[in-house]
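Presented below is the structure to which this report refers.
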Amino acid sequence: MTTRLYSHSIYLDHLTPAGHPERPDRLRAIERVLEDEAFQYLDRREAPEGDEAAILLAHPEEHRERVRACIPQEGLARVDADTTASPKSWQAALTAIGAANAAVDDVFSGAADNVFVAARPPGHHAEKTTAMGFCFFNNAAIAARHAQKRHGVERVAIVDWDVHHGNGTQDIFWDDPSVLYCSTHQMPLYPGTGQKGETGVADNIVNAPLAANDGGAQFREAFRTRVLAAIDAFRPDLIIVSAGFDAHHRDPLAELNLTEDDFDWATGKLMDRAGTWSSNRLVSLLEGGYDLHGLAFSVAAHVRRLMNG
């Protein structure tokens with residue numbers, strides 16, 4: 001099993017205000033934990049910068065240009081109440097897209113069985129025409145469209161276990177039955193979407209909301225009965241994971257109580273499905289996770305499972 005890791009120093013240059021949870025130290029914590037000898041065979045690559053045209057796979061040109069206009073020459077600029085741009089944010093966002101699309105190419109060329117992309121800014125809150133929730137562009141949605149356009153993929157499943165509902169991914173694929181979007185998340189919580197009754201045009205949206213203080217037992221039950229069942233019915237050619245680790249019990253932005261073992265378990269279950277339906281093709285993209293210890297050790301469990309099957 002070959003697991004590739006994409007990252008890039010430009011991700012550290014996307015700056016946010018002091019005290020902001022989505023900060024460069026998140027990637028530094030991940031880098032440190034992946035220095036352990038358990039990860040010596042991880043295929044580490046520098047993320048390529050993406051093509052600006054790739055943004056248009058999931059967003060209209062007006063949105064791309066609106067985001068570009070928000071990038072300041074110096075200092076910080078506010079995009080919305082909690083989303084900030086700095087001078088290098090455009091390049092960081094493009095490189096997050098470039099890494100996600102390169103990861104898709106890798107699993108279809110056979111260069112890797114699976115890929116983890118440690119990038120920022122994250123993407124799953126970015127709707128078709130709205131940057132929000134720390135996100136400018138929807139990396140997972142762009143990667144799914146890239147798989148369809150470049151590799152002729154018929155069906156893509158996006159599985160999102162970030163503690164916040166991926167309203168952006170749901171918005172982009174609401175009326176597209178070729179993409180299955182499955183989400184476990186705390187509710188009620190930002191951004192307020194993700195009820196079970198939100199099912200998309202062809203039941204291609206599967207939401208499995210969890211309540212505050214739910215832990216591994218409730219998460220695994222929802223994952224088994226809602227997410228995995230939907231994947232088995234859909235039979236995807238590719239699985240993309242919106243891998244947020246803010247459902248960890250240490251995380252300051254939510255009240256779920258998952259542990260590293262829960263992320264390890266969920267990763268293994270998705271690898272099983274990728275083996276059954278998708279020729280092992282699985283791409284994982286970092287989303288949230290704001291307690292540095294919880295984030296680092298959850299990523300370590302996730303990547304270790306990707307490497308070892």
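Letters A, B, ... mark the chains of the structure tokens in the order given; residue numbers begin at 1 per chain; ligand numbers begin at 1, in order shown.
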(request) Quick one: everything within 9 Å of segment 28-36 of chain A, counting only C-alpha atoms, minus sequence neighbours fewer than 4 positions away in the same chain. Send it as a list in words. (result) Leu12, Pro24, Gln40, Leu42, Ala118, Leu292, His293, Leu295, Ala296, Phe297, Val299, Ala300 and Val303 of chain A
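Using only C-alpha atoms, the contacts of Gly75 of chain A at a cut-off of 10 Å, with sequence neighbours closer than 6 positions omitted, comprise Leu15, Thr16, Pro17, Ala85, Ser86 and Pro87 of chain A.
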Just write the chosen residues, C-alpha atoms, as a CSV table (one decimal), in the first residue's frame.
```
chain,number,residue,atom,x,y,z
A,15,LEU,CA,-2.0,34.2,7.9
A,16,THR,CA,-4.9,34.7,10.3
A,17,PRO,CA,-5.4,37.1,13.2
A,85,ALA,CA,-7.0,36.8,3.8
A,86,SER,CA,-3.3,37.7,3.8
A,87,PRO,CA,-0.9,38.5,0.9
```
(request) Extract, using only C-alpha atoms, all DNA, RNA and protein residues at most 12 Å from Thr2 of chain A, discarding same-chain residues fewer than 3 positions from it, and format them as a list in words. (result) Leu5, Phe39, Tyr41, Leu42, Asp43, Arg44, Asp106, Val107, Gly110, Ala111, Ala112, Asp113, Asn114, Val115, Phe116, Asn280, Arg281, Leu282, Val303, Arg304, Arg305, Leu306, Met307, Asn308 and Gly309 of chain A
(request) May I have the residues within 7 Å of His124 of chain A as a PyMOL selection string, using only C-alpha atoms and disregarding those fewer than 5 positions away in the same chain? (result) chain A and resi 135+138+140+166-169
(request) May I have the residues within 7 Å of Lys196 of chain A as an MDAnalysis selection string, using only C-alpha atoms and disregarding those fewer than 3 positions away in the same chain? (result) chainID A and resid 207:209
Export C-alpha atoms of the chosen residues as an mmCIF file, in the first residue's frame?
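As a result, out.cif now contains:
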```cif
data_model
loop_
_atom_site.group_PDB
_atom_site.id
_atom_site.type_symbol
_atom_site.label_atom_id
_atom_site.label_comp_id
_atom_site.auth_asym_id
_atom_site.auth_seq_id
_atom_site.Cartn_x
_atom_site.Cartn_y
_atom_site.Cartn_z
ATOM 1 C CA ASN A 207 -26.534 13.785 6.468
ATOM 2 C CA ALA A 208 -25.982 11.995 9.782
ATOM 3 C CA PRO A 209 -26.160 14.705 12.455
#
```
(request) Can you pull out every residue within 12 Å of Ala217 of chain A, counting only C-alpha atoms, but drop anything in the same chain fewer than 5 positions away, and send it as a ChimeraX atom specification? (result) /A:210,222-224,256-259,261-262,265-266
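When atom CA of Tyr290 of chain A is paired with atom CA of Arg250 of chain A, their separation reads 8.8 Å.
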(message) Excluding Gly98 of chain A and its own-chain neighbours fewer than 2 positions away, which residues fall within 7 Å of it when counting only C-alpha atoms? Please give them as a PyMOL selection string.
(response) chain A and resi 47-51+94-96+100-102
(request) DSSP on the backbone, then: every residue of segment 71-269 of chain A marked strand (DSSP E), written as a PyMOL selection string. (result) chain A and resi 77-80+83-85+114-117+156-160+179-186+205-210+238-243
Just write the chosen residues, C-alpha atoms, as a short mmCIF file (atom, residue, chain, number, x, y, z; two decimals), in the first residue's frame.
```
data_model
loop_
_atom_site.label_atom_id
_atom_site.label_comp_id
_atom_site.auth_asym_id
_atom_site.auth_seq_id
_atom_site.Cartn_x
_atom_site.Cartn_y
_atom_site.Cartn_z
CA ALA A 77 -8.21 41.60 5.07
CA ARG A 78 -11.54 40.30 6.29
CA VAL A 79 -13.52 38.18 3.82
CA ASP A 80 -16.37 37.49 6.21
CA THR A 83 -12.52 34.31 7.26
CA THR A 84 -9.35 36.31 6.68
CA ALA A 85 -6.96 36.77 3.76
CA ASN A 114 -4.14 6.74 -1.37
CA VAL A 115 -3.05 10.29 -0.60
CA PHE A 116 -3.33 12.64 2.37
CA VAL A 117 -3.17 16.37 1.62
CA VAL A 156 -17.47 10.18 -6.76
CA ALA A 157 -18.28 9.84 -3.06
CA ILE A 158 -17.22 12.63 -0.69
CA VAL A 159 -17.25 11.65 2.99
CA ASP A 160 -17.01 14.52 5.46
CA VAL A 179 -21.61 12.86 -6.61
CA LEU A 180 -22.59 11.36 -3.26
CA TYR A 181 -21.97 13.66 -0.29
CA CYS A 182 -22.11 12.06 3.18
CA SER A 183 -21.53 14.04 6.37
CA THR A 184 -21.37 13.31 10.07
CA HIS A 185 -21.36 16.51 12.14
CA GLN A 186 -22.57 18.05 15.36
CA ILE A 205 -26.89 14.03 0.02
CA VAL A 206 -26.71 11.91 3.19
CA ASN A 207 -26.53 13.79 6.47
CA ALA A 208 -25.98 12.00 9.78
CA PRO A 209 -26.16 14.70 12.45
CA LEU A 210 -24.86 13.99 15.96
CA LEU A 238 -13.31 7.32 -6.11
CA ILE A 239 -13.67 8.24 -2.44
CA ILE A 240 -12.65 11.71 -1.26
CA VAL A 241 -12.49 12.38 2.48
CA SER A 242 -13.06 15.84 3.91
CA ALA A 243 -10.93 14.97 6.91
#
```
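Nearest-residue note for Ala147 of chain A: choosing from A:Trp277, A:Phe108, A:Trp90, A:Tyr190, the minimum distance belongs to A:Phe108, counting only C-alpha atoms.
Among A:His249, A:Arg235, A:Lys128, A:Arg155, the residue with the shortest atom-to-atom distance to Arg273 of chain A, counting only C-alpha atoms, is A:Arg235.
Restricting the calculation to only C-alpha atoms, the smallest distance between Gln91 of chain A and any of A:Ser298, A:Ser9, A:Ser178, A:Gln195 is found for A:Ser9.
Using only C-alpha atoms, the shortest contact distance between Val104 of chain A and any of A:Asp176, A:Arg4, A:His14, A:His125 is found at A:Arg4.
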(message) Quick check for you: according to DSSP on this backbone, which residues of segment 159-297 of chain A are classed as helix (DSSP H, G or I)? Reply as a PyMOL selection string.
(response) chain A and resi 167-173+216-234+260-277+292-297
